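Trainee: Dropping a structure here in structure tokens format, bear with me for questions.
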Amino acid sequence: MAPTTQDSAAAAALSSATAAVHRSDVARHGARLSDPVRQSMLLTALYLAQERHGYLTPAAIEEVAGRLDLPVGHVYSTASFYSLFRTQPSGRFVIQVCDGLSCYLRDGADRVADYIGRKLGIRPGETTPDGRIALERVQCLASCGTAPALRVNDELVENLTPNSLDALLDRLNES
Ligand code: FES
């Protein structure tokens with residue numbers, strides 16, 4: 001259905017309101033938002049909160065924002081930006097297959113995701129029925145020299161081959 005004039009007006013009003021909130025955040029928190037020490041503390045705090053809860057719940061994001069005196073929206077957008085962080089519940093082990101160009105050119109990316117998906121009977125974005133393993137696809141994991149690569153929780157696994165993938169999946173299924 002085509003957007004109505006009312007839809008367009010509502011979208012423009014929302015966009016304008018969002019921009020106003022952003023300007024207000026920058027005005028109120030500008031120094032804190034650009035403070036590199038606070039930014040690195042933010043990543044560590046999000047990591048610890050995720051360790052505690054398994055993912056970043058809305059309450060955890062608010063707690064981090066409160067402790068670092070940062071806007072909740074800023075903390076949430078940081079959590080959403082990094083593939084290391086999850087804002088939804090997921091598997092006990094989260095396999096993140098790199099989708100970057102180096103991995104693609106070295107027989108990774110699609111091939112690795114397809115291989116794991118077939119072995120587990122799931123597709124990217126899904127979790128095994130027992131809640132043990134989730135499969136995701138993410139952008140470059142900064143391991144291009146040892147592509148193809150993937151990450152399991154916070155462990156980087158490089159130079160992937162079918163044999164090393166089998167060994168990895170066996171290990172996760174036995175853990
Ligand atoms: S492209 Fe896969 S690690 Fe960089």
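To be explicit about the labels: the chains of the structure tokens are called A, B, and onward in the order shown, and within each one the residues are counted from 1, while ligands get numbers from 1 in the order they are shown.
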Give me, as a PyMOL selection string, all polymer residues having an atom no more than 8 Å from segment 85-100 of chain A, counting only C-alpha atoms and skipping those fewer than 3 positions away in the same chain.

Mentor: chain A and resi 46-47+50+54-58+79-80+82+103-104+108-110+112-113+127-128+131-141+148-153+172

Trainee: Would you write out those residues with C-alpha atoms, as a PDB file, in the first residue's frame?

Mentor:
ATOM      1  CA  LEU A  46      28.574  -4.177  27.733  1.00  0.00           C
ATOM      2  CA  TYR A  47      30.787  -7.244  27.480  1.00  0.00           C
ATOM      3  CA  GLN A  50      26.360  -9.808  28.331  1.00  0.00           C
ATOM      4  CA  GLY A  54      23.698 -14.201  28.109  1.00  0.00           C
ATOM      5  CA  TYR A  55      22.560 -11.188  26.081  1.00  0.00           C
ATOM      6  CA  LEU A  56      22.018  -7.495  26.617  1.00  0.00           C
ATOM      7  CA  THR A  57      18.571  -7.140  28.135  1.00  0.00           C
ATOM      8  CA  PRO A  58      16.904  -3.699  28.102  1.00  0.00           C
ATOM      9  CA  ALA A  79      25.444  -2.591  21.415  1.00  0.00           C
ATOM     10  CA  SER A  80      23.627  -2.952  18.083  1.00  0.00           C
ATOM     11  CA  TYR A  82      29.105  -4.532  17.231  1.00  0.00           C
ATOM     12  CA  CYS A 103      36.770 -15.195   3.665  1.00  0.00           C
ATOM     13  CA  TYR A 104      34.573 -15.387   0.601  1.00  0.00           C
ATOM     14  CA  GLY A 108      34.626 -19.357   3.428  1.00  0.00           C
ATOM     15  CA  ALA A 109      31.505 -17.270   3.966  1.00  0.00           C
ATOM     16  CA  ASP A 110      28.666 -19.067   2.087  1.00  0.00           C
ATOM     17  CA  VAL A 112      31.215 -22.358   5.776  1.00  0.00           C
ATOM     18  CA  ALA A 113      27.727 -21.154   6.717  1.00  0.00           C
ATOM     19  CA  THR A 127      19.241 -21.839  16.965  1.00  0.00           C
ATOM     20  CA  THR A 128      19.281 -25.619  17.353  1.00  0.00           C
ATOM     21  CA  GLY A 131      19.121 -24.126  22.472  1.00  0.00           C
ATOM     22  CA  ARG A 132      22.773 -25.135  22.333  1.00  0.00           C
ATOM     23  CA  ILE A 133      24.102 -23.577  19.111  1.00  0.00           C
ATOM     24  CA  ALA A 134      23.022 -20.503  17.173  1.00  0.00           C
ATOM     25  CA  LEU A 135      24.314 -19.640  13.707  1.00  0.00           C
ATOM     26  CA  GLU A 136      24.845 -16.088  12.473  1.00  0.00           C
ATOM     27  CA  ARG A 137      26.606 -14.354   9.614  1.00  0.00           C
ATOM     28  CA  VAL A 138      28.604 -11.225  10.352  1.00  0.00           C
ATOM     29  CA  GLN A 139      30.917  -8.799   8.636  1.00  0.00           C
ATOM     30  CA  CYS A 140      34.719  -8.997   8.749  1.00  0.00           C
ATOM     31  CA  LEU A 141      36.131 -10.434  11.969  1.00  0.00           C
ATOM     32  CA  PRO A 148      38.242 -18.206   6.407  1.00  0.00           C
ATOM     33  CA  ALA A 149      37.293 -17.433   9.956  1.00  0.00           C
ATOM     34  CA  LEU A 150      34.418 -17.581  12.386  1.00  0.00           C
ATOM     35  CA  ARG A 151      33.857 -16.674  16.011  1.00  0.00           C
ATOM     36  CA  VAL A 152      32.256 -18.835  18.700  1.00  0.00           C
ATOM     37  CA  ASN A 153      31.201 -16.594  21.566  1.00  0.00           C
ATOM     38  CA  LEU A 172      30.563 -27.729  21.103  1.00  0.00           C
TER      39      LEU A 172
END

Trainee: Give the strand (DSSP E) residues of chain A, as DSSP finds them on the backbone, and put them as a ChimeraX atom specification.

Mentor: /A:93-98,133-138,150-152,155-157

Trainee: Here is a test: counting only C-alpha atoms, which residue of A:Ser83, A:Leu165, A:Arg111, A:Asn173 is nearest to Asp130 of chain A?

Mentor: A:Asn173

Trainee: Which residue out of A:Ala167, A:Cys144, A:Leu33, A:Leu160 has the minimum interatomic distance to ligand 1 when only C-alpha atoms and all ligand atoms are used?

Mentor: A:Cys144

Trainee: Out of segment 38-101 of chain A, which residues get alpha helix (DSSP H) from DSSP, as a ChimeraX atom specification?

Mentor: /A:38-53,58-68,72-81,101

Trainee: With C-alpha atoms retained, could you export that selection as a PDB file, in the first residue's frame?

Mentor:
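Result file is part.pdb:
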ATOM      1  CA  ARG A  38      34.344   6.391  28.579  1.00  0.00           C
ATOM      2  CA  GLN A  39      33.836   4.751  25.187  1.00  0.00           C
ATOM      3  CA  SER A  40      36.277   1.952  26.002  1.00  0.00           C
ATOM      4  CA  MET A  41      34.645   1.543  29.412  1.00  0.00           C
ATOM      5  CA  LEU A  42      31.333   1.263  27.597  1.00  0.00           C
ATOM      6  CA  LEU A  43      32.522  -1.687  25.482  1.00  0.00           C
ATOM      7  CA  THR A  44      33.901  -3.454  28.557  1.00  0.00           C
ATOM      8  CA  ALA A  45      30.733  -2.808  30.555  1.00  0.00           C
ATOM      9  CA  LEU A  46      28.574  -4.177  27.733  1.00  0.00           C
ATOM     10  CA  TYR A  47      30.787  -7.244  27.480  1.00  0.00           C
ATOM     11  CA  LEU A  48      30.500  -7.929  31.226  1.00  0.00           C
ATOM     12  CA  ALA A  49      26.736  -7.357  31.197  1.00  0.00           C
ATOM     13  CA  GLN A  50      26.360  -9.808  28.331  1.00  0.00           C
ATOM     14  CA  GLU A  51      28.479 -12.367  30.172  1.00  0.00           C
ATOM     15  CA  ARG A  52      26.144 -12.072  33.134  1.00  0.00           C
ATOM     16  CA  HIS A  53      22.816 -12.269  31.293  1.00  0.00           C
ATOM     17  CA  PRO A  58      16.904  -3.699  28.102  1.00  0.00           C
ATOM     18  CA  ALA A  59      17.504  -3.531  31.870  1.00  0.00           C
ATOM     19  CA  ALA A  60      21.215  -4.319  31.386  1.00  0.00           C
ATOM     20  CA  ILE A  61      21.527  -1.571  28.765  1.00  0.00           C
ATOM     21  CA  GLU A  62      19.838   0.911  31.096  1.00  0.00           C
ATOM     22  CA  GLU A  63      22.106  -0.125  33.946  1.00  0.00           C
ATOM     23  CA  VAL A  64      25.243   0.357  31.827  1.00  0.00           C
ATOM     24  CA  ALA A  65      23.952   3.746  30.639  1.00  0.00           C
ATOM     25  CA  GLY A  66      23.229   4.786  34.220  1.00  0.00           C
ATOM     26  CA  ARG A  67      26.606   3.712  35.550  1.00  0.00           C
ATOM     27  CA  LEU A  68      28.529   5.477  32.793  1.00  0.00           C
ATOM     28  CA  VAL A  72      20.420   4.913  26.822  1.00  0.00           C
ATOM     29  CA  GLY A  73      20.031   5.419  23.049  1.00  0.00           C
ATOM     30  CA  HIS A  74      23.785   5.789  22.640  1.00  0.00           C
ATOM     31  CA  VAL A  75      24.470   2.617  24.641  1.00  0.00           C
ATOM     32  CA  TYR A  76      21.835   0.730  22.675  1.00  0.00           C
ATOM     33  CA  SER A  77      23.205   1.860  19.302  1.00  0.00           C
ATOM     34  CA  THR A  78      26.726   0.849  20.374  1.00  0.00           C
ATOM     35  CA  ALA A  79      25.444  -2.591  21.415  1.00  0.00           C
ATOM     36  CA  SER A  80      23.627  -2.952  18.083  1.00  0.00           C
ATOM     37  CA  PHE A  81      26.660  -1.871  16.038  1.00  0.00           C
ATOM     38  CA  LEU A 101      35.478 -10.614   1.063  1.00  0.00           C
TER      39      LEU A 101
END

Trainee: One decimal, Å: what's the distance from atom CA of Pro129 of chain A over to atom CA of Glu158 of chain A, could you say?

Mentor: 26.8 Å

Trainee: For ligand 1, which residue out of A:Ser175, A:Thr161, A:Ser34, A:Ser102 is the nearest one, using only C-alpha atoms and all ligand atoms?

Mentor: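 Counting only C-alpha atoms and all ligand atoms, the residue closest to ligand 1 is A:Ser102.
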
Trainee: So how many Å separate atom CA of Asp154 of chain A and atom 4 (Fe, counted along the ligand's line) of ligand 1, to one decimal?

Mentor: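 About the pair atom CA of Asp154 of chain A and atom 4 (Fe, counted along the ligand's line) of ligand 1: they are 15.8 Å apart.
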
Trainee: Find the residue from A:Ala142, A:Glu155, A:Gly125, A:Leu168 that sits nearest to ligand 1; use only C-alpha atoms and all ligand atoms when measuring.

Mentor: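 Nearest to ligand 1: A:Ala142.
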